[in-house]
>>> print(open('input-v5.cif').read())   # mmCIF, N, CA and C atoms
data_data
loop_
_atom_site.label_atom_id
_atom_site.label_comp_id
_atom_site.auth_asym_id
_atom_site.auth_seq_id
_atom_site.Cartn_x
_atom_site.Cartn_y
_atom_site.Cartn_z
N MET B 1 -22.46 20.77 -101.22
CA MET B 1 -21.93 21.92 -101.91
C MET B 1 -21.68 23.05 -100.91
N THR B 2 -20.54 23.69 -101.00
CA THR B 2 -20.18 24.79 -100.11
C THR B 2 -20.42 26.11 -100.82
N GLU B 3 -21.00 27.05 -100.09
CA GLU B 3 -21.28 28.38 -100.63
C GLU B 3 -20.79 29.42 -99.62
N TYR B 4 -20.11 30.45 -100.12
CA TYR B 4 -19.65 31.55 -99.29
C TYR B 4 -20.30 32.81 -99.83
N ARG B 5 -20.91 33.61 -98.93
CA ARG B 5 -21.52 34.85 -99.41
C ARG B 5 -21.73 35.85 -98.30
N ARG B 6 -21.89 37.09 -98.73
CA ARG B 6 -22.17 38.19 -97.82
C ARG B 6 -23.66 38.14 -97.45
N LEU B 7 -23.95 38.36 -96.17
CA LEU B 7 -25.33 38.33 -95.72
C LEU B 7 -25.90 39.74 -95.68
N SER B 8 -27.18 39.86 -96.06
CA SER B 8 -27.88 41.12 -95.91
C SER B 8 -28.45 41.20 -94.50
N GLU B 9 -28.80 42.38 -94.07
CA GLU B 9 -29.37 42.55 -92.73
C GLU B 9 -30.65 41.74 -92.57
N ASP B 10 -31.46 41.66 -93.64
CA ASP B 10 -32.72 40.92 -93.58
C ASP B 10 -32.52 39.41 -93.39
N GLU B 11 -31.39 38.87 -93.84
CA GLU B 11 -31.13 37.44 -93.69
C GLU B 11 -30.71 37.04 -92.28
N ILE B 12 -30.24 38.00 -91.52
CA ILE B 12 -29.70 37.71 -90.19
C ILE B 12 -30.86 37.63 -89.20
N CYS B 13 -31.16 36.42 -88.77
CA CYS B 13 -32.24 36.16 -87.82
C CYS B 13 -31.89 34.88 -87.06
N GLN B 14 -32.63 34.60 -86.00
CA GLN B 14 -32.29 33.42 -85.19
C GLN B 14 -32.45 32.13 -85.98
N GLU B 15 -33.36 32.08 -86.94
CA GLU B 15 -33.55 30.87 -87.73
C GLU B 15 -32.31 30.54 -88.56
N LEU B 16 -31.53 31.54 -88.91
CA LEU B 16 -30.29 31.32 -89.65
C LEU B 16 -29.37 30.35 -88.91
N PHE B 17 -29.44 30.35 -87.57
CA PHE B 17 -28.54 29.56 -86.73
C PHE B 17 -29.13 28.21 -86.31
N ASN B 18 -30.27 27.82 -86.88
CA ASN B 18 -30.91 26.56 -86.49
C ASN B 18 -29.98 25.35 -86.63
N GLY B 19 -29.17 25.30 -87.66
CA GLY B 19 -28.26 24.17 -87.85
C GLY B 19 -26.85 24.42 -87.35
N PHE B 20 -26.65 25.56 -86.71
CA PHE B 20 -25.32 25.95 -86.23
C PHE B 20 -25.24 25.67 -84.74
N ILE B 21 -24.64 24.55 -84.38
CA ILE B 21 -24.51 24.17 -82.98
C ILE B 21 -23.17 24.68 -82.49
N ARG B 22 -23.22 25.63 -81.59
CA ARG B 22 -22.00 26.21 -81.05
C ARG B 22 -21.82 25.66 -79.64
N ARG B 23 -21.31 24.45 -79.57
CA ARG B 23 -21.14 23.78 -78.28
C ARG B 23 -19.73 23.19 -78.25
N GLN B 24 -19.05 23.40 -77.15
CA GLN B 24 -17.73 22.80 -77.02
C GLN B 24 -17.47 22.42 -75.57
N GLU B 25 -16.84 21.28 -75.42
CA GLU B 25 -16.43 20.83 -74.10
C GLU B 25 -14.98 21.26 -73.89
N VAL B 26 -14.77 22.08 -72.89
CA VAL B 26 -13.45 22.63 -72.60
C VAL B 26 -12.89 21.91 -71.38
N THR B 27 -11.64 21.49 -71.47
CA THR B 27 -11.03 20.80 -70.33
C THR B 27 -9.88 21.60 -69.72
N LYS B 28 -9.12 22.30 -70.54
CA LYS B 28 -7.98 23.07 -70.05
C LYS B 28 -8.11 24.51 -70.55
N CYS B 29 -7.69 25.45 -69.73
CA CYS B 29 -7.79 26.87 -70.06
C CYS B 29 -6.51 27.60 -69.68
N TRP B 30 -6.23 28.66 -70.44
CA TRP B 30 -5.15 29.55 -70.04
C TRP B 30 -5.67 30.43 -68.91
N ARG B 31 -4.90 30.54 -67.85
CA ARG B 31 -5.24 31.38 -66.71
C ARG B 31 -3.99 32.15 -66.30
N LYS B 32 -4.19 33.43 -65.96
CA LYS B 32 -3.07 34.25 -65.48
C LYS B 32 -3.05 34.17 -63.97
N ILE B 33 -2.01 33.55 -63.44
CA ILE B 33 -1.85 33.36 -62.00
C ILE B 33 -0.51 33.95 -61.58
N ASN B 34 -0.59 34.87 -60.64
CA ASN B 34 0.62 35.57 -60.16
C ASN B 34 1.42 36.19 -61.30
N GLY B 35 0.71 36.78 -62.26
CA GLY B 35 1.36 37.45 -63.38
C GLY B 35 1.90 36.54 -64.47
N GLU B 36 1.66 35.24 -64.36
CA GLU B 36 2.18 34.28 -65.33
C GLU B 36 1.03 33.50 -65.94
N TRP B 37 1.08 33.31 -67.27
CA TRP B 37 0.05 32.54 -67.96
C TRP B 37 0.38 31.05 -67.89
N ILE B 38 -0.58 30.26 -67.41
CA ILE B 38 -0.39 28.81 -67.34
C ILE B 38 -1.65 28.12 -67.87
N ILE B 39 -1.48 26.88 -68.31
CA ILE B 39 -2.62 26.06 -68.71
C ILE B 39 -3.06 25.27 -67.49
N LYS B 40 -4.35 25.37 -67.18
CA LYS B 40 -4.87 24.77 -65.96
C LYS B 40 -6.13 23.96 -66.28
N ASP B 41 -6.33 22.84 -65.58
CA ASP B 41 -7.58 22.10 -65.69
C ASP B 41 -8.70 22.99 -65.18
N ASP B 42 -9.69 23.21 -66.02
CA ASP B 42 -10.85 24.04 -65.64
C ASP B 42 -12.01 23.65 -66.55
N PRO B 43 -12.50 22.41 -66.41
CA PRO B 43 -13.50 21.90 -67.35
C PRO B 43 -14.86 22.59 -67.25
N PHE B 44 -15.45 22.83 -68.43
CA PHE B 44 -16.81 23.35 -68.51
C PHE B 44 -17.33 23.11 -69.92
N ILE B 45 -18.63 23.25 -70.09
CA ILE B 45 -19.25 23.13 -71.40
C ILE B 45 -19.71 24.52 -71.81
N ASP B 46 -19.24 24.97 -72.95
CA ASP B 46 -19.62 26.28 -73.49
C ASP B 46 -20.69 26.04 -74.55
N ASP B 47 -21.86 26.56 -74.31
CA ASP B 47 -22.99 26.34 -75.22
C ASP B 47 -23.84 27.60 -75.24
N TRP B 48 -24.22 28.08 -76.42
CA TRP B 48 -25.02 29.29 -76.53
C TRP B 48 -26.48 29.01 -76.19
N THR B 49 -27.08 29.93 -75.47
CA THR B 49 -28.50 29.87 -75.15
C THR B 49 -29.29 30.64 -76.21
N GLU B 50 -30.61 30.54 -76.13
CA GLU B 50 -31.46 31.33 -77.04
C GLU B 50 -31.19 32.82 -76.86
N GLU B 51 -30.94 33.24 -75.63
CA GLU B 51 -30.63 34.65 -75.36
C GLU B 51 -29.30 35.04 -76.00
N ASP B 52 -28.33 34.14 -75.98
CA ASP B 52 -27.04 34.39 -76.63
C ASP B 52 -27.23 34.57 -78.13
N TYR B 53 -28.05 33.71 -78.74
CA TYR B 53 -28.30 33.83 -80.18
C TYR B 53 -29.04 35.13 -80.50
N ALA B 54 -29.99 35.52 -79.65
CA ALA B 54 -30.72 36.77 -79.87
C ALA B 54 -29.76 37.96 -79.81
N PHE B 55 -28.84 37.95 -78.85
CA PHE B 55 -27.85 39.02 -78.74
C PHE B 55 -26.94 39.03 -79.95
N LEU B 56 -26.51 37.85 -80.39
CA LEU B 56 -25.65 37.74 -81.58
C LEU B 56 -26.34 38.32 -82.80
N VAL B 57 -27.62 37.97 -83.01
CA VAL B 57 -28.38 38.49 -84.15
C VAL B 57 -28.41 40.01 -84.09
N SER B 58 -28.67 40.57 -82.91
CA SER B 58 -28.70 42.02 -82.73
C SER B 58 -27.36 42.65 -83.10
N CYS B 59 -26.28 42.05 -82.63
CA CYS B 59 -24.93 42.57 -82.93
C CYS B 59 -24.61 42.50 -84.42
N LEU B 60 -24.91 41.36 -85.06
CA LEU B 60 -24.61 41.20 -86.48
C LEU B 60 -25.44 42.15 -87.34
N LYS B 61 -26.71 42.34 -86.99
CA LYS B 61 -27.55 43.30 -87.72
C LYS B 61 -26.98 44.71 -87.58
N ASN B 62 -26.51 45.05 -86.37
CA ASN B 62 -25.92 46.36 -86.15
C ASN B 62 -24.66 46.53 -87.00
N THR B 63 -23.85 45.48 -87.09
CA THR B 63 -22.64 45.55 -87.91
C THR B 63 -22.99 45.91 -89.35
N VAL B 64 -23.99 45.23 -89.91
CA VAL B 64 -24.38 45.49 -91.30
C VAL B 64 -25.01 46.88 -91.44
N SER B 65 -25.89 47.26 -90.51
CA SER B 65 -26.58 48.54 -90.63
C SER B 65 -25.66 49.74 -90.47
N THR B 66 -24.50 49.54 -89.85
CA THR B 66 -23.55 50.64 -89.66
C THR B 66 -22.40 50.61 -90.67
N GLY B 67 -22.55 49.78 -91.72
CA GLY B 67 -21.57 49.79 -92.81
C GLY B 67 -20.55 48.68 -92.79
N GLY B 68 -20.60 47.80 -91.79
CA GLY B 68 -19.71 46.65 -91.77
C GLY B 68 -20.29 45.53 -92.61
N PHE B 69 -19.72 44.34 -92.49
CA PHE B 69 -20.27 43.22 -93.25
C PHE B 69 -20.18 41.92 -92.47
N VAL B 70 -21.03 40.99 -92.87
CA VAL B 70 -21.04 39.63 -92.33
C VAL B 70 -20.95 38.69 -93.52
N TYR B 71 -19.95 37.82 -93.53
CA TYR B 71 -19.81 36.78 -94.54
C TYR B 71 -20.09 35.44 -93.88
N ALA B 72 -20.72 34.56 -94.63
CA ALA B 72 -21.09 33.27 -94.07
C ALA B 72 -20.71 32.14 -95.02
N ALA B 73 -20.46 30.98 -94.42
CA ALA B 73 -20.18 29.76 -95.18
C ALA B 73 -21.34 28.79 -94.92
N PHE B 74 -21.86 28.23 -96.00
CA PHE B 74 -22.94 27.26 -95.92
C PHE B 74 -22.49 25.96 -96.56
N TYR B 75 -22.87 24.85 -95.97
CA TYR B 75 -22.61 23.54 -96.55
C TYR B 75 -23.95 22.85 -96.69
N ASN B 76 -24.30 22.54 -97.93
CA ASN B 76 -25.61 21.97 -98.24
C ASN B 76 -26.74 22.82 -97.66
N GLY B 77 -26.59 24.14 -97.74
CA GLY B 77 -27.62 25.07 -97.31
C GLY B 77 -27.67 25.36 -95.83
N VAL B 78 -26.79 24.75 -95.04
CA VAL B 78 -26.78 24.94 -93.59
C VAL B 78 -25.57 25.80 -93.19
N LEU B 79 -25.80 26.79 -92.36
CA LEU B 79 -24.73 27.67 -91.89
C LEU B 79 -23.67 26.86 -91.16
N LYS B 80 -22.41 27.04 -91.57
CA LYS B 80 -21.29 26.34 -90.94
C LYS B 80 -20.24 27.28 -90.37
N GLY B 81 -20.30 28.56 -90.73
CA GLY B 81 -19.34 29.50 -90.20
C GLY B 81 -19.67 30.91 -90.63
N PHE B 82 -19.18 31.89 -89.88
CA PHE B 82 -19.43 33.28 -90.25
C PHE B 82 -18.38 34.18 -89.62
N VAL B 83 -18.17 35.32 -90.25
CA VAL B 83 -17.29 36.36 -89.73
C VAL B 83 -18.01 37.69 -89.85
N SER B 84 -17.70 38.60 -88.94
CA SER B 84 -18.22 39.97 -89.06
C SER B 84 -17.06 40.93 -88.91
N VAL B 85 -17.10 41.98 -89.73
CA VAL B 85 -16.05 43.01 -89.72
C VAL B 85 -16.74 44.36 -89.62
N GLU B 86 -16.30 45.15 -88.66
CA GLU B 86 -16.91 46.46 -88.41
C GLU B 86 -16.42 47.48 -89.43
N ALA B 87 -17.21 48.53 -89.63
CA ALA B 87 -16.92 49.53 -90.66
C ALA B 87 -15.83 50.51 -90.27
N GLY B 88 -15.79 50.95 -89.04
CA GLY B 88 -14.88 52.01 -88.63
C GLY B 88 -13.44 51.57 -88.52
N LEU B 89 -12.55 52.41 -89.00
CA LEU B 89 -11.12 52.12 -88.86
C LEU B 89 -10.68 52.41 -87.43
N SER B 90 -9.75 51.61 -86.95
CA SER B 90 -9.19 51.83 -85.62
C SER B 90 -7.68 51.74 -85.71
N GLY B 91 -7.01 52.09 -84.66
CA GLY B 91 -5.55 52.04 -84.65
C GLY B 91 -4.96 53.43 -84.73
N GLY B 92 -3.69 53.52 -84.45
CA GLY B 92 -2.99 54.80 -84.49
C GLY B 92 -2.66 55.19 -85.92
N LYS B 93 -1.37 55.18 -86.24
CA LYS B 93 -0.95 55.52 -87.59
C LYS B 93 -1.38 54.45 -88.59
N GLN B 94 -1.37 53.21 -88.13
CA GLN B 94 -1.82 52.12 -88.98
C GLN B 94 -3.30 51.91 -88.73
N LYS B 95 -4.08 51.82 -89.76
CA LYS B 95 -5.53 51.70 -89.63
C LYS B 95 -5.95 50.25 -89.85
N TYR B 96 -6.86 49.80 -89.01
CA TYR B 96 -7.35 48.42 -89.08
C TYR B 96 -8.87 48.41 -89.03
N LEU B 97 -9.45 47.38 -89.61
CA LEU B 97 -10.86 47.10 -89.42
C LEU B 97 -10.96 46.03 -88.35
N ASP B 98 -11.95 46.16 -87.47
CA ASP B 98 -12.11 45.20 -86.38
C ASP B 98 -12.87 43.97 -86.84
N LEU B 99 -12.25 42.80 -86.66
CA LEU B 99 -12.91 41.52 -86.87
C LEU B 99 -13.67 41.25 -85.57
N SER B 100 -14.98 41.50 -85.58
CA SER B 100 -15.74 41.45 -84.32
C SER B 100 -16.21 40.05 -83.97
N SER B 101 -16.30 39.16 -84.96
CA SER B 101 -16.63 37.77 -84.62
C SER B 101 -16.15 36.84 -85.73
N ILE B 102 -15.80 35.64 -85.29
CA ILE B 102 -15.45 34.56 -86.22
C ILE B 102 -15.81 33.25 -85.53
N HIS B 103 -16.69 32.50 -86.14
CA HIS B 103 -17.16 31.24 -85.56
C HIS B 103 -17.29 30.21 -86.67
N VAL B 104 -16.83 29.00 -86.40
CA VAL B 104 -16.86 27.93 -87.39
C VAL B 104 -17.36 26.66 -86.73
N LYS B 105 -18.28 25.99 -87.38
CA LYS B 105 -18.71 24.64 -86.99
C LYS B 105 -17.91 23.70 -87.88
N ILE B 106 -17.12 22.84 -87.29
CA ILE B 106 -16.24 21.96 -88.07
C ILE B 106 -17.07 20.95 -88.85
N ILE B 107 -16.71 20.81 -90.11
CA ILE B 107 -17.35 19.84 -91.00
C ILE B 107 -16.36 18.70 -91.22
N TYR B 108 -16.77 17.50 -90.91
CA TYR B 108 -15.90 16.35 -91.11
C TYR B 108 -16.26 15.67 -92.42
N PHE B 109 -15.40 15.83 -93.40
CA PHE B 109 -15.55 15.10 -94.65
C PHE B 109 -14.19 15.04 -95.32
N CYS B 110 -14.02 14.09 -96.20
CA CYS B 110 -12.75 13.89 -96.86
C CYS B 110 -12.85 14.39 -98.29
N THR B 111 -11.93 15.26 -98.68
CA THR B 111 -11.95 15.76 -100.05
C THR B 111 -10.94 15.01 -100.93
N PHE B 112 -10.15 14.13 -100.34
CA PHE B 112 -9.11 13.44 -101.10
C PHE B 112 -9.31 11.93 -101.11
N CYS B 113 -10.53 11.49 -100.87
CA CYS B 113 -10.78 10.05 -100.86
C CYS B 113 -10.68 9.45 -102.26
N CYS B 114 -10.28 8.18 -102.30
CA CYS B 114 -10.17 7.48 -103.59
C CYS B 114 -11.51 7.11 -104.13
#
>>> encode(input="input-v5.cif", output="structure tokens")
Amino acid sequence: MTEYRRLSEDEICQELFNGFIRRQEVTKCWRKINGEWIIKDDPFIDDWTEEDYAFLVSCLKNTVSTGGFVYAAFYNGVLKGFVSVEAGLSGGKQKYLDLSSIHVKIIYFCTFCC
């Protein structure tokens, strides 16, 4: 069962991310070389450390405490994605809210199976 909801500041803690594996193997990257953007082989593994999660928790709590919000998606009670939006408007004549983070753990399942 999938659930989408706004998180309170008290819910945002490192344990929230226990089932959220943010790991990706990157093989090609956009790089600006001589003023031109090209795709280049530059393999690495991007994986969050405990310190990264602690910093993320601090940032998300700050977002909520300053009037922004964090929405999360859960699948069978496990966090699968989240977004945070800051409270303050930015931009010139046109005003925008800043989407400060968006992260999704892909769920592989078929919704149209026979």
>>> residues_around(input="input-v5.cif", residues="Val64 of chain B", least_positions_apart="5", cutoff="6 Å", atoms="only N, CA and C atoms", output="short mmCIF file (atom, residue, chain, number, x, y, z; two decimals) with N, CA and C atoms, in the coordinates of the input")
data_model
loop_
_atom_site.label_atom_id
_atom_site.label_comp_id
_atom_site.auth_asym_id
_atom_site.auth_seq_id
_atom_site.Cartn_x
_atom_site.Cartn_y
_atom_site.Cartn_z
N GLU B 9 -28.80 42.38 -94.07
CA GLU B 9 -29.37 42.55 -92.73
C GLU B 9 -30.65 41.74 -92.57
N PHE B 69 -19.72 44.34 -92.49
CA PHE B 69 -20.27 43.22 -93.25
C PHE B 69 -20.18 41.92 -92.47
N VAL B 70 -21.03 40.99 -92.87
CA VAL B 70 -21.04 39.63 -92.33
C VAL B 70 -20.95 38.69 -93.52
#
>>> closest_residue(input="input-v5.cif", among="B:Asp10, B:Glu51, B:Asp42, B:Glu15", to="Lys28 of chain B", atoms="only N, CA and C atoms")
B:Asp42
>>> resolve_selection(input="input-v5.cif", expression="the PyMOL selection byres ((chain B and resi 16-20) around 7)", output="ChimeraX atom specification")
/B:11-15,21-23,78-80,105
>>> atom_distance(input="input-v5.cif", atom1="atom CA of Val26 of chain B", atom2="atom CA of Ile45 of chain B")
5.9 Å
>>> atom_distance(input="input-v5.cif", atom1="atom CA of Met1 of chain B", atom2="atom CA of Val57 of chain B")
25.1 Å
>>> resolve_selection(input="input-v5.cif", expression="the PyMOL selection byres ((chain B and resi 41) around 6.5)", output="list of chain:residue names")
B:Thr27, B:Lys28, B:Cys29, B:Ile39, B:Lys40, B:Asp42, B:Pro43
>>> resolve_selection(input="input-v5.cif", expression="the PyMOL selection byres ((chain B and resi 87-104) around 7)", output="JSON, numbers by chain")
{"B": [63, 66, 67, 68, 69, 80, 81, 82, 83, 84, 85, 86, 105, 106, 107]}
>>> atom_distance(input="input-v5.cif", atom1="atom CA of Thr2 of chain B", atom2="atom CA of Ala73 of chain B")
7.0 Å
>>> select_by_dssp(input="input-v5.cif", residues="segment 24-111 of chain B", states="helix (DSSP H, G or I)", output="PyMOL selection string")
chain B and resi 50-65
>>> select_by_dssp(input="input-v5.cif", residues="chain B", states="strand (DSSP E or B)", output="PyMOL selection string")
chain B and resi 2-6+23-33+36-47+69-75+78-90+96-104
>>> closest_residue(input="input-v5.cif", among="B:Ser65, B:Glu25, B:Phe74, B:Leu7", to="Phe44 of chain B", atoms="all atoms listed in the file")
B:Glu25
